[in-house]
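To be precise, the following lines are protein_36.txt, and they hold compact mmCIF, C-alpha atoms.
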# COMPACT_ATOMS: atom_id res chain seq x y z
CA MET W 8 170.47 174.19 164.04
CA ALA W 9 167.77 173.28 166.55
CA THR W 10 168.26 170.81 169.36
CA TYR W 11 166.19 167.67 169.86
CA ASP W 12 164.47 169.44 172.75
CA GLN W 13 163.58 172.52 170.70
CA VAL W 14 162.22 170.48 167.79
CA LEU W 15 160.18 168.29 170.13
CA ARG W 16 158.72 171.22 172.06
CA GLU W 17 157.63 172.97 168.86
CA ALA W 18 156.11 169.74 167.54
CA LYS W 19 154.17 169.13 170.75
CA LYS W 20 152.92 172.72 170.68
CA ALA W 21 151.66 172.19 167.11
CA ALA W 22 149.91 169.00 168.22
CA ARG W 23 148.19 170.75 171.13
CA ASN W 24 147.00 173.52 168.80
CA LYS W 25 145.33 170.86 166.64
CA ARG W 26 144.08 168.92 169.68
CA MET W 27 146.18 165.93 168.72
CA GLU W 28 148.07 163.68 171.11
CA THR W 29 151.50 164.88 172.24
CA SER W 30 152.35 161.30 173.21
CA ALA W 31 152.12 160.42 169.50
CA VAL W 32 154.62 163.17 168.74
CA GLU W 33 156.99 161.71 171.32
CA LEU W 34 156.70 158.30 169.65
CA LEU W 35 157.58 159.85 166.30
CA MET W 36 160.60 161.59 167.77
CA LEU W 37 161.80 158.36 169.36
CA GLU W 38 161.33 156.41 166.14
CA PHE W 39 162.91 158.87 163.72
CA SER W 40 165.77 159.88 166.00
CA GLY W 41 166.96 156.29 165.92
CA LEU W 42 167.84 156.59 169.60
CA SER W 43 166.80 154.59 172.63
CA PRO W 44 164.69 156.44 175.24
CA THR W 45 167.76 156.89 177.43
CA GLU W 46 169.92 158.06 174.54
CA LEU W 47 167.29 160.56 173.47
CA TYR W 48 166.97 161.91 177.01
CA ILE W 49 170.67 162.59 177.38
CA SER W 50 170.80 164.07 173.85
CA TYR W 51 167.98 166.61 174.32
CA LYS W 52 170.37 169.57 174.28
CA ASP W 53 172.36 168.28 171.30
CA GLU W 54 171.74 169.59 167.80
CA MET W 55 169.38 167.37 165.84
CA PRO W 56 170.96 166.25 162.54
CA GLU W 57 169.26 167.92 159.60
CA SER W 58 168.45 164.67 157.81
CA THR W 59 166.83 163.31 160.99
CA ARG W 60 164.88 166.54 161.51
CA VAL W 61 163.56 166.47 157.94
CA ARG W 62 162.30 162.88 158.28
CA PHE W 63 160.70 163.70 161.63
CA ILE W 64 158.94 166.79 160.25
CA GLU W 65 157.63 164.80 157.29
CA ALA W 66 156.24 162.17 159.66
CA LEU W 67 154.79 164.89 161.89
CA ASP W 68 152.99 166.35 158.86
CA ASP W 69 151.53 162.93 158.08
CA TYR W 70 150.14 162.81 161.61
CA LEU W 71 148.98 166.42 162.13
CA GLU W 72 147.87 167.37 158.63
CA LYS W 73 147.02 164.12 156.88
CA LYS W 74 145.62 162.59 160.08
CA ILE W 75 147.44 159.27 159.66
CA PRO W 76 147.72 157.33 162.93
CA VAL W 77 151.24 157.41 164.33
CA GLN W 78 151.28 153.60 164.50
CA TYR W 79 150.78 153.38 160.73
CA ILE W 80 153.49 156.00 160.16
CA ILE W 81 155.97 154.06 162.27
CA GLY W 82 154.71 150.75 160.92
CA HIS W 83 154.54 148.81 164.16
CA VAL W 84 153.36 148.73 167.75
CA TYR W 85 154.39 146.73 170.79
CA PHE W 86 151.67 144.44 172.12
CA TYR W 87 152.24 142.32 175.20
CA GLY W 88 155.96 142.90 174.67
CA ASN W 89 155.85 141.68 171.06
CA LYS W 90 156.65 143.80 168.02
CA ILE W 91 153.57 143.80 165.78
CA LYS W 92 153.62 145.19 162.26
CA VAL W 93 150.55 147.27 161.38
CA ASP W 94 149.24 149.06 158.33
CA SER W 95 145.85 150.27 157.11
CA ASN W 96 144.71 146.67 156.53
CA VAL W 97 144.57 145.90 160.25
CA LEU W 98 143.14 147.44 163.39
CA ILE W 99 145.74 149.05 165.63
CA PRO W 100 146.05 146.89 168.79
CA ARG W 101 144.84 148.67 171.93
CA TYR W 102 146.12 148.42 175.49
CA GLU W 103 142.76 147.04 176.63
CA THR W 104 143.27 143.99 174.46
CA GLU W 105 146.44 143.17 176.39
CA GLU W 106 144.17 142.75 179.39
CA LEU W 107 142.05 140.24 177.46
CA VAL W 108 145.21 138.24 176.77
CA GLN W 109 146.27 138.43 180.40
CA ARG W 110 142.88 137.26 181.74
CA THR W 111 142.71 134.46 179.18
CA LEU W 112 146.15 133.23 180.22
CA MET W 113 145.10 133.29 183.87
CA LEU W 114 142.01 131.22 183.11
CA TYR W 115 144.14 128.79 181.09
CA ASP W 116 146.45 128.33 184.07
CA ASP W 117 143.51 127.92 186.44
CA HIS W 118 141.53 125.44 184.39
CA TYR W 119 144.03 123.67 182.12
CA ASP W 120 147.16 123.85 184.27
CA GLY W 121 149.54 124.24 181.35
CA LYS W 122 148.21 121.27 179.38
CA GLU W 123 148.14 121.09 175.60
CA ILE W 124 144.87 122.54 174.32
CA ASP W 125 143.33 123.87 171.10
CA VAL W 126 142.63 127.60 170.84
CA VAL W 127 141.07 129.71 168.09
CA ASP W 128 141.24 133.47 167.65
CA ILE W 129 138.23 134.66 165.63
CA GLY W 130 138.87 137.86 163.67
CA THR W 131 142.60 137.86 164.32
CA GLY W 132 143.49 141.03 162.40
CA SER W 133 147.20 141.69 162.98
CA GLY W 134 147.46 138.40 164.85
CA CYS W 135 148.44 140.16 168.07
CA ILE W 136 146.20 138.10 170.40
CA ALA W 137 147.14 134.73 168.91
CA ILE W 138 150.84 135.60 168.91
CA ALA W 139 150.80 136.77 172.52
CA LEU W 140 148.95 133.65 173.68
CA LYS W 141 151.29 131.32 171.81
CA LYS W 142 154.42 133.03 173.13
CA GLU W 143 153.19 132.97 176.72
CA ALA W 144 151.66 129.47 176.55
CA PRO W 145 153.55 127.37 173.97
CA LYS W 146 151.36 124.31 174.63
CA MET W 147 148.37 126.11 173.16
CA ASN W 148 147.75 124.93 169.60
CA LEU W 149 146.81 128.28 168.08
CA HIS W 150 144.45 128.68 165.13
CA ALA W 151 143.38 132.09 163.86
CA GLY W 152 141.01 133.31 161.18
CA ASP W 153 140.01 136.52 159.49
CA ILE W 154 137.75 137.44 156.60
CA SER W 155 140.41 139.83 155.26
CA THR W 156 143.15 138.29 153.14
CA PRO W 157 145.42 141.38 153.44
CA ALA W 158 145.03 141.28 157.23
CA LEU W 159 146.04 137.62 157.29
CA GLU W 160 149.17 138.41 155.31
CA ILE W 161 150.15 140.91 158.00
CA ALA W 162 149.29 138.38 160.73
CA LYS W 163 151.46 135.71 159.10
CA GLU W 164 154.34 138.16 158.85
CA ASN W 165 153.93 139.04 162.51
CA ALA W 166 153.99 135.37 163.49
CA SER W 167 157.22 134.99 161.56
CA ILE W 168 158.72 138.09 163.18
CA ASN W 169 157.87 136.69 166.60
CA ASP W 170 158.93 133.13 165.75
CA VAL W 171 155.65 131.36 166.56
CA GLU W 172 153.66 128.76 164.64
CA ILE W 173 149.97 129.58 164.16
CA ASP W 174 147.47 128.02 161.81
CA PHE W 175 146.05 131.02 159.94
CA ARG W 176 142.95 130.55 157.79
CA GLN W 177 140.93 132.95 155.66
CA GLY W 178 137.17 133.11 156.01
CA ASP W 179 134.23 134.50 157.93
CA LEU W 180 134.08 133.63 161.65
CA PHE W 181 134.00 129.80 162.00
CA GLU W 182 133.82 129.16 158.27
CA PRO W 183 137.51 128.15 157.94
CA PHE W 184 137.28 125.78 160.91
CA ALA W 185 134.57 123.37 159.77
CA GLY W 186 134.62 120.17 161.82
CA MET W 187 137.12 121.52 164.35
CA ARG W 188 136.52 121.86 168.09
CA PHE W 189 138.38 124.02 170.57
CA ASP W 190 139.04 124.35 174.28
CA ILE W 191 139.22 128.15 174.11
CA ILE W 192 137.60 130.62 171.73
CA VAL W 193 138.98 134.14 172.03
CA SER W 194 137.75 137.11 170.03
CA ASN W 195 137.89 140.88 169.87
CA PRO W 196 135.39 141.33 167.03
CA PRO W 197 134.20 144.67 165.60
CA TYR W 198 132.01 146.25 168.30
CA ILE W 199 131.37 149.90 167.47
CA PRO W 200 127.66 150.50 166.69
CA GLN W 201 127.17 151.42 163.05
CA THR W 202 125.73 154.86 163.80
CA GLU W 203 128.18 155.82 166.56
CA ALA W 204 130.48 158.76 165.83
CA ILE W 205 134.19 158.00 166.13
CA ASP W 206 137.32 160.11 165.90
CA GLU W 207 138.18 161.26 162.40
CA ILE W 208 141.67 159.74 162.54
CA ILE W 209 140.15 156.31 163.27
CA HIS W 210 137.29 156.56 160.78
CA LYS W 211 139.57 157.79 158.02
CA ASN W 212 142.33 155.22 158.42
CA GLU W 213 141.44 152.00 160.22
CA PRO W 214 139.57 149.26 158.30
CA HIS W 215 135.83 149.61 158.83
CA VAL W 216 135.40 145.84 158.60
CA ALA W 217 137.33 145.66 161.88
CA LEU W 218 135.48 148.51 163.58
CA PHE W 219 131.71 148.35 163.17
CA GLY W 220 129.51 145.67 164.70
CA GLY W 221 126.00 146.31 163.44
CA ASP W 222 123.29 148.55 164.86
CA ASP W 223 124.06 147.81 168.51
CA GLY W 224 127.67 146.65 168.27
CA LEU W 225 126.82 143.06 169.20
CA ARG W 226 126.21 141.55 165.77
CA PHE W 227 129.37 139.45 165.65
CA TYR W 228 129.10 138.30 169.25
CA ARG W 229 125.65 136.88 168.53
CA MET W 230 126.93 135.20 165.37
CA ILE W 231 129.85 133.65 167.26
CA LEU W 232 127.66 132.49 170.13
CA ASP W 233 125.02 131.10 167.77
CA ASN W 234 127.61 128.81 166.19
CA ALA W 235 130.07 128.24 169.01
CA GLU W 236 128.48 125.03 170.31
CA HIS W 237 129.48 123.25 167.09
CA HIS W 238 133.13 124.22 167.61
CA LEU W 239 133.59 123.71 171.34
CA LYS W 240 134.68 120.73 173.36
CA ASP W 241 132.60 119.61 176.34
CA LYS W 242 134.68 121.82 178.63
CA PHE W 243 135.54 125.26 177.29
CA ILE W 244 136.30 128.95 177.76
CA ILE W 245 135.01 131.76 175.53
CA ALA W 246 136.82 135.06 176.03
CA PHE W 247 135.48 138.29 174.51
CA GLU W 248 136.58 141.92 174.47
CA HIS W 249 133.66 144.30 173.90
CA GLY W 250 132.39 147.85 174.24
CA PHE W 251 132.43 149.24 177.79
CA ASP W 252 128.61 149.48 177.92
CA LYS W 253 127.77 146.06 176.42
CA GLY W 254 128.56 143.70 179.30
CA GLU W 255 125.02 143.22 180.54
CA SER W 256 123.53 142.73 177.07
CA LEU W 257 126.25 140.27 176.12
CA ARG W 258 125.80 138.27 179.33
CA GLU W 259 122.07 138.06 178.75
CA TYR W 260 122.50 136.77 175.20
CA ALA W 261 125.26 134.36 176.21
CA ASN W 262 122.96 132.90 178.85
CA THR W 263 120.38 132.02 176.19
CA ARG W 264 123.01 129.96 174.38
CA PHE W 265 124.91 128.53 177.34
CA PRO W 266 122.51 128.48 180.33
CA ASP W 267 124.68 125.93 182.13
CA ALA W 268 127.89 127.98 181.85
CA LYS W 269 129.48 130.44 184.23
CA ILE W 270 129.21 133.88 182.63
CA PHE W 271 130.90 136.97 184.06
CA THR W 272 132.33 140.31 183.01
CA GLU W 273 135.65 141.83 184.11
CA ARG W 274 136.58 145.50 184.23
CA ASP W 275 139.66 146.96 182.58
CA MET W 276 142.25 149.18 184.25
CA GLN W 277 139.98 152.20 183.73
CA GLY W 278 137.22 150.46 185.67
CA LYS W 279 135.08 149.88 182.57
CA GLU W 280 133.35 146.58 181.78
CA ARG W 281 135.49 145.38 178.90
CA MET W 282 135.81 141.58 178.91
CA THR W 283 133.18 138.85 179.22
CA PHE W 284 133.97 135.18 179.79
CA ILE W 285 131.78 132.11 179.31
CA ILE W 286 133.13 129.03 181.03
CA ARG W 287 132.00 125.44 181.28
CA ILE W 288 134.63 123.35 183.03
How would this structure read if it were set down as C-alpha cells?
Amino acid sequence: MATYDQVLREAKKAARNKRMETSAVELLMLEFSGLSPTELYISYKDEMPESTRVRFIEALDDYLEKKIPVQYIIGHVYFYGNKIKVDSNVLIPRYETEELVQRTLMLYDDHYDGKEIDVVDIGTGSGCIAIALKKEAPKMNLHAGDISTPALEIAKENASINDVEIDFRQGDLFEPFAGMRFDIIVSNPPYIPQTEAIDEIIHKNEPHVALFGGDDGLRFYRMILDNAEHHLKDKFIIAFEHGFDKGESLREYANTRFPDAKIFTERDMQGKERMTFIIRI
C-alpha cells in the first residue's frame, strides 16, 4: 500500500500536468485524510488506509477531470476564521474579500467607536461578509440581501453554523429594504465584464449571477450608488470590493452621486486597487 506522501506526490504531479493548482490537491488530502495538518505531517510515511485513498482519488478526479472547484468538493471554506458552507449556488469567498471586511471594521472603529449601528450587505451570497462583520462587531445590526433564494438558504445556514443573528431578505439590491436607512452599506457585487474570459473552472461552476457585472463590470455599482441616498443616514460609509482596474472609474461615478463625500481607493495585499470607500461623517 502507498504512503500518504506517495499518494500526495503522485496527485500533485497529475495536477501540474493538467496545469491545475497543487494547493487544491493538498486541501483535498487534508480534508479526506481526516487528520489535522500536524497529524498529516507526522503521518506522511505511514500507509494510507485504502478506504481513505479511494475517497481521496474520487475527489481528485472531481477536481482534475470534472473541473469542480475544490471548495465545492469539500463543501466549505474558512473566511475570516469562520467556517462557511459553499456549493454551486454561491460564489466561493476570496481572500481579497477578507481585506474588505478588515478595512470596513477599521473604519467602523474610527468613525463609530464601537457604537450600535445599522449595516446592510448587498448581494450577500454565502453570507461570509455579514457573518464576519457581526462576529467581529456584535453591536452592528446586520441586514443582508440577495436576489438568489438558494444562496440565501446557504447564507442562513452559515449564520446558524457561526451562531450569529442576521436579518436575511430576498430581493434585488435595495428592494427588500424599502424604507430602511443604514450607517454602512457594504457590497462585493458581480464585477467581471460580460465579455471578459475567465478560467473554465470558474465559468463552469460558479453562479454567473454572482460573477458578471455588465459590459464594463460596473453595472451593479452604478445601480447601488443611484439608489443609496434613499437608504443612508446623514453620516455613512459605503464599502465596495471591485475589479483591480476599476478604481478610477468607480471613484468618478461615486463623485457624481456624493460630491460632498470623501472617496478613496485602497490596494490589496498584491498591491492592486481592490476596495473603494465613500464616507460622509
*Select, counting only C-alpha atoms, all protein, DNA and RNA residues no farther than 10 Å from (149.6, 138.2, 160.1) in file coordinates, and express the selection as a VMD selection string.*
chain W and resid 91 to 93 97 131 to 135 137 to 138 151 to 153 156 to 168 173 175
Residues as selected, C-alpha atoms, written as a PDB file, in the coordinates of the input, can you do that?
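Full text of result-v2.pdb as output:
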ATOM      1  CA  ILE W  91     153.570 143.800 165.780  1.00  0.00           C
ATOM      2  CA  LYS W  92     153.620 145.190 162.260  1.00  0.00           C
ATOM      3  CA  VAL W  93     150.550 147.270 161.380  1.00  0.00           C
ATOM      4  CA  VAL W  97     144.570 145.900 160.250  1.00  0.00           C
ATOM      5  CA  THR W 131     142.600 137.860 164.320  1.00  0.00           C
ATOM      6  CA  GLY W 132     143.490 141.030 162.400  1.00  0.00           C
ATOM      7  CA  SER W 133     147.200 141.690 162.980  1.00  0.00           C
ATOM      8  CA  GLY W 134     147.460 138.400 164.850  1.00  0.00           C
ATOM      9  CA  CYS W 135     148.440 140.160 168.070  1.00  0.00           C
ATOM     10  CA  ALA W 137     147.140 134.730 168.910  1.00  0.00           C
ATOM     11  CA  ILE W 138     150.840 135.600 168.910  1.00  0.00           C
ATOM     12  CA  ALA W 151     143.380 132.090 163.860  1.00  0.00           C
ATOM     13  CA  GLY W 152     141.010 133.310 161.180  1.00  0.00           C
ATOM     14  CA  ASP W 153     140.010 136.520 159.490  1.00  0.00           C
ATOM     15  CA  THR W 156     143.150 138.290 153.140  1.00  0.00           C
ATOM     16  CA  PRO W 157     145.420 141.380 153.440  1.00  0.00           C
ATOM     17  CA  ALA W 158     145.030 141.280 157.230  1.00  0.00           C
ATOM     18  CA  LEU W 159     146.040 137.620 157.290  1.00  0.00           C
ATOM     19  CA  GLU W 160     149.170 138.410 155.310  1.00  0.00           C
ATOM     20  CA  ILE W 161     150.150 140.910 158.000  1.00  0.00           C
ATOM     21  CA  ALA W 162     149.290 138.380 160.730  1.00  0.00           C
ATOM     22  CA  LYS W 163     151.460 135.710 159.100  1.00  0.00           C
ATOM     23  CA  GLU W 164     154.340 138.160 158.850  1.00  0.00           C
ATOM     24  CA  ASN W 165     153.930 139.040 162.510  1.00  0.00           C
ATOM     25  CA  ALA W 166     153.990 135.370 163.490  1.00  0.00           C
ATOM     26  CA  SER W 167     157.220 134.990 161.560  1.00  0.00           C
ATOM     27  CA  ILE W 168     158.720 138.090 163.180  1.00  0.00           C
ATOM     28  CA  ILE W 173     149.970 129.580 164.160  1.00  0.00           C
ATOM     29  CA  PHE W 175     146.050 131.020 159.940  1.00  0.00           C
TER      30      PHE W 175
END
*What's the 12 Å shell around Gln78 in chain W, counting all atoms listed in the file, without same-chain residues fewer than 4 positions away, as an MDAnalysis selection string?*
chainID W and resid 30:32 34:35 38 66 69:70 74 82:86 90:95 97:101 208:209 212:213
Please, could you write that set of residues out with C-alpha atoms as a compact mmCIF listing (two decimals), keeping the file's coordinate frame?
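The resulting file, result.txt, is shown below:
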# COMPACT_ATOMS: atom_id res chain seq x y z
CA SER W 30 152.35 161.30 173.21
CA ALA W 31 152.12 160.42 169.50
CA VAL W 32 154.62 163.17 168.74
CA LEU W 34 156.70 158.30 169.65
CA LEU W 35 157.58 159.85 166.30
CA GLU W 38 161.33 156.41 166.14
CA ALA W 66 156.24 162.17 159.66
CA ASP W 69 151.53 162.93 158.08
CA TYR W 70 150.14 162.81 161.61
CA LYS W 74 145.62 162.59 160.08
CA GLY W 82 154.71 150.75 160.92
CA HIS W 83 154.54 148.81 164.16
CA VAL W 84 153.36 148.73 167.75
CA TYR W 85 154.39 146.73 170.79
CA PHE W 86 151.67 144.44 172.12
CA LYS W 90 156.65 143.80 168.02
CA ILE W 91 153.57 143.80 165.78
CA LYS W 92 153.62 145.19 162.26
CA VAL W 93 150.55 147.27 161.38
CA ASP W 94 149.24 149.06 158.33
CA SER W 95 145.85 150.27 157.11
CA VAL W 97 144.57 145.90 160.25
CA LEU W 98 143.14 147.44 163.39
CA ILE W 99 145.74 149.05 165.63
CA PRO W 100 146.05 146.89 168.79
CA ARG W 101 144.84 148.67 171.93
CA ILE W 208 141.67 159.74 162.54
CA ILE W 209 140.15 156.31 163.27
CA ASN W 212 142.33 155.22 158.42
CA GLU W 213 141.44 152.00 160.22
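We find CA of Glu248 in chain W and CA of Ile154 in chain W to be spaced 18.5 Å apart.
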*Check the smallest atom-to-atom distance from each of W:Met113, W:Ala235, W:Ala22, W:Ala139 to Ala261 in chain W using all atoms listed in the file, then report the winner.*
W:Ala235
*Using only C-alpha atoms, find the one residue out of W:Glu143, W:Asp190, W:Asp275, W:Glu72 that sits nearest to Val171 in chain W.*
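Among the listed residues, the smallest separation from Val171 in chain W belongs to W:Glu143.
Among the candidate residues W:Pro145, W:His249, W:Ile129, W:Ile244, the one lying nearest to Asp179 in chain W is W:Ile129, with distances computed using only C-alpha atoms.
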*All residues 6 Å or closer to range 123-127 of chain W, only C-alpha atoms, same chain fewer than 2 positions away omitted, as a PyMOL selection string*: chain W and resi 146-151+189-192
Atoms added to range 19-43 of chain W (N, CA and C atoms), reported as an mmCIF file, in the frame of the given file:
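Result file follows (rebuild-v6.cif):
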data_model
loop_
_atom_site.group_PDB
_atom_site.id
_atom_site.type_symbol
_atom_site.label_atom_id
_atom_site.label_comp_id
_atom_site.auth_asym_id
_atom_site.auth_seq_id
_atom_site.Cartn_x
_atom_site.Cartn_y
_atom_site.Cartn_z
ATOM 1 N N LYS W 19 155.230 169.379 169.766
ATOM 2 C CA LYS W 19 154.170 169.130 170.750
ATOM 3 C C LYS W 19 153.230 170.332 170.837
ATOM 4 N N LYS W 20 153.755 171.520 170.688
ATOM 5 C CA LYS W 20 152.920 172.720 170.680
ATOM 6 C C LYS W 20 151.966 172.693 169.481
ATOM 7 N N ALA W 21 152.493 172.288 168.314
ATOM 8 C CA ALA W 21 151.660 172.190 167.110
ATOM 9 C C ALA W 21 150.570 171.142 167.303
ATOM 10 N N ALA W 22 150.899 170.047 167.970
ATOM 11 C CA ALA W 22 149.910 169.000 168.220
ATOM 12 C C ALA W 22 148.810 169.500 169.149
ATOM 13 N N ARG W 23 149.192 170.207 170.205
ATOM 14 C CA ARG W 23 148.190 170.750 171.130
ATOM 15 C C ARG W 23 147.264 171.731 170.421
ATOM 16 N N ASN W 24 147.817 172.541 169.536
ATOM 17 C CA ASN W 24 147.000 173.520 168.800
ATOM 18 C C ASN W 24 145.962 172.823 167.925
ATOM 19 N N LYS W 25 146.263 171.618 167.488
ATOM 20 C CA LYS W 25 145.330 170.860 166.640
ATOM 21 C C LYS W 25 144.559 169.816 167.453
ATOM 22 N N ARG W 26 144.735 169.861 168.770
ATOM 23 C CA ARG W 26 144.080 168.920 169.680
ATOM 24 C C ARG W 26 144.405 167.479 169.327
ATOM 25 N N MET W 27 145.656 167.273 168.996
ATOM 26 C CA MET W 27 146.180 165.930 168.720
ATOM 27 C C MET W 27 147.048 165.510 169.892
ATOM 28 N N GLU W 28 147.360 164.230 169.962
ATOM 29 C CA GLU W 28 148.070 163.680 171.110
ATOM 30 C C GLU W 28 149.564 163.995 171.071
ATOM 31 N N THR W 29 150.052 164.604 172.155
ATOM 32 C CA THR W 29 151.500 164.880 172.240
ATOM 33 C C THR W 29 152.283 163.590 172.447
ATOM 34 N N SER W 30 151.652 162.572 173.032
ATOM 35 C CA SER W 30 152.350 161.300 173.210
ATOM 36 C C SER W 30 152.698 160.678 171.859
ATOM 37 N N ALA W 31 151.842 160.916 170.849
ATOM 38 C CA ALA W 31 152.120 160.420 169.500
ATOM 39 C C ALA W 31 153.342 161.123 168.922
ATOM 40 N N VAL W 32 153.466 162.407 169.200
ATOM 41 C CA VAL W 32 154.620 163.170 168.740
ATOM 42 C C VAL W 32 155.900 162.626 169.366
ATOM 43 N N GLU W 33 155.827 162.283 170.639
ATOM 44 C CA GLU W 33 156.990 161.710 171.320
ATOM 45 C C GLU W 33 157.394 160.381 170.696
ATOM 46 N N LEU W 34 156.407 159.574 170.318
ATOM 47 C CA LEU W 34 156.700 158.300 169.650
ATOM 48 C C LEU W 34 157.404 158.531 168.310
ATOM 49 N N LEU W 35 156.947 159.534 167.572
ATOM 50 C CA LEU W 35 157.580 159.850 166.300
ATOM 51 C C LEU W 35 159.021 160.302 166.498
ATOM 52 N N MET W 36 159.249 161.128 167.493
ATOM 53 C CA MET W 36 160.600 161.590 167.770
ATOM 54 C C MET W 36 161.509 160.413 168.121
ATOM 55 N N LEU W 37 161.011 159.519 168.964
ATOM 56 C CA LEU W 37 161.800 158.360 169.360
ATOM 57 C C LEU W 37 162.125 157.485 168.156
ATOM 58 N N GLU W 38 161.136 157.270 167.298
ATOM 59 C CA GLU W 38 161.330 156.410 166.140
ATOM 60 C C GLU W 38 162.304 157.018 165.142
ATOM 61 N N PHE W 39 162.123 158.279 164.801
ATOM 62 C CA PHE W 39 162.910 158.870 163.720
ATOM 63 C C PHE W 39 164.257 159.404 164.186
ATOM 64 N N SER W 40 164.443 159.518 165.497
ATOM 65 C CA SER W 40 165.770 159.880 166.000
ATOM 66 C C SER W 40 166.711 158.681 165.914
ATOM 67 N N GLY W 41 166.137 157.482 165.946
ATOM 68 C CA GLY W 41 166.960 156.290 165.920
ATOM 69 C C GLY W 41 167.661 156.019 167.243
ATOM 70 N N LEU W 42 167.213 156.704 168.286
ATOM 71 C CA LEU W 42 167.840 156.590 169.600
ATOM 72 C C LEU W 42 166.955 155.803 170.558
ATOM 73 N N SER W 43 167.563 155.213 171.561
ATOM 74 C CA SER W 43 166.800 154.590 172.630
ATOM 75 C C SER W 43 166.229 155.698 173.516
#
